[in-house]
Amino acid sequence: MPFATARCVALDGARGHLIDVQADVSPGQANVVLVGRADTALREGIDRVRMAITNSNLTWPATKRSTILLSPADLPKSGTQFDLAMALGVLAADGQVEHEALRGTVFLGELTLAGGLRPAIGVLPMTLAAAERGIRRVVVPEPQVAEAAMVPDVDVIGARSLAQVVALLAGEPPPDAPPVAALSGAHLIGWRGDERLDEVDLADLRGMLDEKYAVEVAAAGGHAVLLTGPKGCGKTSLAERIPTILPDLTAEESLELTALHSLAGVLDPGQGMLVRPPFAAPHHDASKASIIGGGLGRVHPGALSRAHCGVLFLDEFPLFRSDVIEALRQPLESGEITIARRDESVTLPAAGLLVLASNPCPCGNWRPHARSNRCACAERVRRAYQARTAGPIADRIDVLRQLQPASPASHDPFRPPEPSAAVRARVTAARDRQLARYDGHPWRLNSQVPSPRLKDPWPVSAPAQRLVDAEMYAGRLSARGAVRVQRLAWTVADLLAVRAGVDVTPGRAEVEVALRLRFGLPLEMGTLRPEAREPELDLRPAEPGLVAVPSDVECVR
């Protein structure tokens with residue numbers, strides 16, 4: 001029969017679609033026709049396939065008419081991963097490969113003119129898509145076996161050449177072939193890069209109790225943070241240490257993030273599954289496509305999606321392009337980003353922790369006190385600079401902290417700084433409470449809970465709600481800000497419950513802390529150090545001859 005079908009996968013953003021590569025080789029005018037909305041790279045694959053078959057000591061049907069259909073035909077298709085499936089479809093239609101051998105298998109890989117295989121970008125999400133549709137065997141280029149094998153219950157076969165795949169399907173010993181070259185995006189030179197952050201710890205920072213508690217709350221509930229202050233006050237140092245207090249990724253998050261990195265072409269084949277939250281800090285001159293996603297041809301995930309479940313740090317935030325700043329509205333609201341084009345609309349996850357940092361003025365020397373103010377910027381310039389972090393974006397930021405330069409009073413020599421491990425234990429326990437509370441729902445953290453669910457079944461107490469309403473009616477909170485304060489209050493309550501070892505629901509005290517975090521106001525010592533709270537006095541009438549004293553004060557006779 002001059003007709004055969006091989007299977008491949010087309011990517012639409014982070015989603016994969018199973019594609020039937022149907023080939024028909026029939027008598028007629030010698031020609032090759034490719035139909036099914038293929039892009040330029042895919043159409044060029046016809047020439048690669050023809051020469052790969054010829055140079056693999058196989059026969060190309062040069063005297064017949066070959067028609068290749070990529071079905072479904074209405075779905076746009078791009079990429080070079082179709083080469084292997086097109087070659088096997090043509091060979092099976094010409095009778096050189098058994099039709100039954102192609103059944104139940106997905107073939108992924110680019111072909112060289114010599115018949116060798118080359119890696120394809122996005123093998124992990126392609127394998128995930130194949131497994132979701134019942135495919136249990138996948139053939140990939142040899143260096144990507146470990147990547148595809150991350151998907152459970154799938155038999156992954158690695159090959160070096162088209163000839164080896166044909167021999168495998170025929171049940172014959174595979175011929176020798178040269179090793180497959182790694183992806184061009186792999187690291188070719190060694191440098192410190194992100195590894196310089198492996199040794200940092202929250203204990204490196206002296207003082208900063210207020211700011212450390214703020215980032216602990218942000219990490220526990222997934223709340224966006226804006227750090228402001230003069231240059232050199234520790235904004236970048238604090239942001240770089242936030243990943244150290246985040247827990248390891250869950251199995252679901254790990255597979256999701258690894259698939260995104262595979263789709264972006266930045267997954268190191270030797271690294272394996274990503275288990276730690278990523279940290280991304282693009283330069284303020286980066287383009288919109290590099291941060292949000294997009295690019296030429298197929299949509300590639302930007303830094304926003306590559307930092308999914310991790311931390312995206314935007315230092316010198318007012319210097320970013322206006323279109324980048326405005327594009328952050330959607331991910332801050334929904335935890336995902338949609339990139340729409342004429343022929344396609346791609347939605348990518350972007351639920352990482354967003355940390356913004358800003359100087360008070362372009363020179364970074366402005367101080368609120370005239371004695372220490374060394375700013376040389378004009379007032380008009382300073383106001384315009386600060387306005388870039390105001391408006392709709394500021395309303396979507398949950399936590400605001402204004403850092404000050406270090407001083408002798410900010411360091412307690414009798415209390416060593418708390419290490420990241422201790423804070424990470426509390427953050428992990430607080431997140432576990434949220435997972436248990438939202439079991440059976442699509443959200444994982446307090447920052448992701450829809451506003452209607454904060455009224456029922458997870459409201460704050462009546463006095464706390466009256467406090468939020470008073471701030472909103474006074475014009476200091478928008479309706480969106482009121483919702484975010486309630487989410488913050490739940491995170492504050494979760495952390496308090498972890499410290500106290502008892503169940504805590506948000507009341508007036510937790511909402512007051514949330515409002516201080518929201519407005520950038522200093523926190524009380526009882527919030528930063530629960531053990532340092534003022535002891536409550538026993539106001540009951542004392543017996544004659546006795547004096548009422550705090551309950552935790554020891555009397556000395």
# chains A, B, ... in the order shown; residues from 1 in each chain; ligands from 1
call {"tool": "residues_around", "arguments": {"residues": "Pro277 of chain A", "least_positions_apart": "3", "cutoff": "7 Å", "atoms": "only C-alpha atoms", "output": "list in words"}}
result
Pro243, Asp248, Leu249, Cys309 and Gly310 of chain A
call {"tool": "write_last_selection", "arguments": {"atoms": "all heavy atoms", "output": "compact mmCIF listing (two decimals), in the first residue's frame"}}
result
# COMPACT_ATOMS: atom_id res chain seq x y z
N PRO A 243 15.82 32.91 46.96
CA PRO A 243 15.74 31.49 46.60
C PRO A 243 16.24 30.55 47.69
O PRO A 243 15.80 29.39 47.75
CB PRO A 243 16.63 31.40 45.34
CG PRO A 243 16.60 32.77 44.75
CD PRO A 243 16.54 33.69 45.94
N ASP A 248 12.20 23.08 48.13
CA ASP A 248 12.42 22.37 46.87
C ASP A 248 11.11 22.27 46.10
O ASP A 248 10.02 22.30 46.67
CB ASP A 248 12.97 20.97 47.14
CG ASP A 248 14.39 21.00 47.66
OD1 ASP A 248 15.08 22.02 47.45
OD2 ASP A 248 14.82 20.00 48.28
N LEU A 249 11.24 22.14 44.79
CA LEU A 249 10.06 22.01 43.94
C LEU A 249 9.38 20.67 44.17
O LEU A 249 10.04 19.66 44.43
CB LEU A 249 10.47 22.14 42.46
CG LEU A 249 11.15 23.43 42.03
CD1 LEU A 249 11.58 23.33 40.58
CD2 LEU A 249 10.22 24.63 42.21
N CYS A 309 7.77 29.29 39.35
CA CYS A 309 8.00 28.61 40.63
C CYS A 309 9.30 29.04 41.30
O CYS A 309 9.72 28.43 42.29
CB CYS A 309 8.00 27.09 40.47
SG CYS A 309 6.45 26.42 39.86
N GLY A 310 9.94 30.08 40.76
CA GLY A 310 11.17 30.58 41.36
C GLY A 310 11.08 32.07 41.62
O GLY A 310 10.04 32.57 42.05
call {"tool": "atom_distance", "arguments": {"atom1": "atom CA of Ser358 of chain A", "atom2": "atom CA of Val511 of chain A"}}
result
26.2 Å
call {"tool": "select_by_dssp", "arguments": {"residues": "segment 176-291 of chain A", "states": "alpha helix (DSSP H)", "output": "MDAnalysis selection string"}}
result
chainID A and resid 209:221 235:240 251:264 288:291
call {"tool": "closest_residue", "arguments": {"among": "A:Asp503, A:Asp83, A:Glu240, A:Glu216", "to": "Met51 of chain A", "atoms": "only C-alpha atoms"}}
result
A:Asp83
call {"tool": "select_by_dssp", "arguments": {"residues": "segment 348-510 of chain A", "states": "strand (DSSP E or B)", "output": "PyMOL selection string"}}
result
chain A and resi 348-349+353-358+399-402
call {"tool": "write_last_selection", "arguments": {"atoms": "C-alpha atoms", "output": "PDB file, in the first residue's frame"}}
result
ATOM      1  CA  LEU A 348       2.642  30.226  29.248  1.00  0.00           C
ATOM      2  CA  PRO A 349       2.798  29.801  33.049  1.00  0.00           C
ATOM      3  CA  LEU A 353       7.848  35.342  42.808  1.00  0.00           C
ATOM      4  CA  LEU A 354       8.381  38.802  41.284  1.00  0.00           C
ATOM      5  CA  VAL A 355      10.883  40.992  43.150  1.00  0.00           C
ATOM      6  CA  LEU A 356      11.364  44.588  42.005  1.00  0.00           C
ATOM      7  CA  ALA A 357      14.098  46.946  43.195  1.00  0.00           C
ATOM      8  CA  SER A 358      14.258  50.688  42.722  1.00  0.00           C
ATOM      9  CA  VAL A 399       4.725  43.979  49.823  1.00  0.00           C
ATOM     10  CA  LEU A 400       6.554  47.336  49.867  1.00  0.00           C
ATOM     11  CA  ARG A 401       9.745  47.796  51.865  1.00  0.00           C
ATOM     12  CA  GLN A 402      11.858  50.955  52.103  1.00  0.00           C
TER      13      GLN A 402
END
call {"tool": "closest_atom_pairs", "arguments": {"of": "segment 145-258 of chain A", "to": "segment 434-455 of chain A", "cutoff": "7 Å", "atoms": "only C-alpha atoms", "output": "Markdown table"}}
result
| residue | atom | partner | partner_atom | distance |
| --- | --- | --- | --- | --- |
| A:Gly221 | CA | A:Asn446 | CA | 5.2 |
| A:Gly222 | CA | A:Ser447 | CA | 5.7 |
| A:His223 | CA | A:Ser447 | CA | 5.8 |
call {"tool": "residues_around", "arguments": {"residues": "Thr428 of chain A", "least_positions_apart": "2", "cutoff": "9 Å", "atoms": "only C-alpha atoms", "output": "count of residues only"}}
result
13
call {"tool": "closest_residue", "arguments": {"among": "A:Ile393, A:Val123, A:Leu113, A:Leu319", "to": "Arg50 of chain A", "atoms": "only C-alpha atoms"}}
result
A:Leu113
call {"tool": "residues_around", "arguments": {"residues": "Gly109 of chain A", "least_positions_apart": "4", "cutoff": "8 Å", "atoms": "only C-alpha atoms", "output": "MDAnalysis selection string"}}
result
chainID A and resid 80:84 117:120 140:141
call {"tool": "atom_distance", "arguments": {"atom1": "atom CA of Asp94 of chain A", "atom2": "atom CA of Ala73 of chain A"}}
result
22.7 Å
call {"tool": "residues_around", "arguments": {"residues": "Arg103 of chain A", "least_positions_apart": "2", "cutoff": "9 Å", "atoms": "only C-alpha atoms", "output": "NGL selection string"}}
result
:A and (5-7 or 99-101 or 105-106)
call {"tool": "closest_atom_pairs", "arguments": {"of": "segment 209-277 of chain A", "to": "segment 128-139 of chain A", "cutoff": "12 Å", "atoms": "only C-alpha atoms", "output": "tab-separated table"}}
result
residue	atom	partner	partner_atom	distance
A:Leu255	CA	A:Leu128	CA	9.4
A:Glu256	CA	A:Leu128	CA	9.9
A:Thr258	CA	A:Leu128	CA	11.3
A:Ala259	CA	A:Leu128	CA	8.5
A:Leu260	CA	A:Leu128	CA	11.7
A:Ser262	CA	A:Leu128	CA	11.7
A:Leu263	CA	A:Leu128	CA	11.8
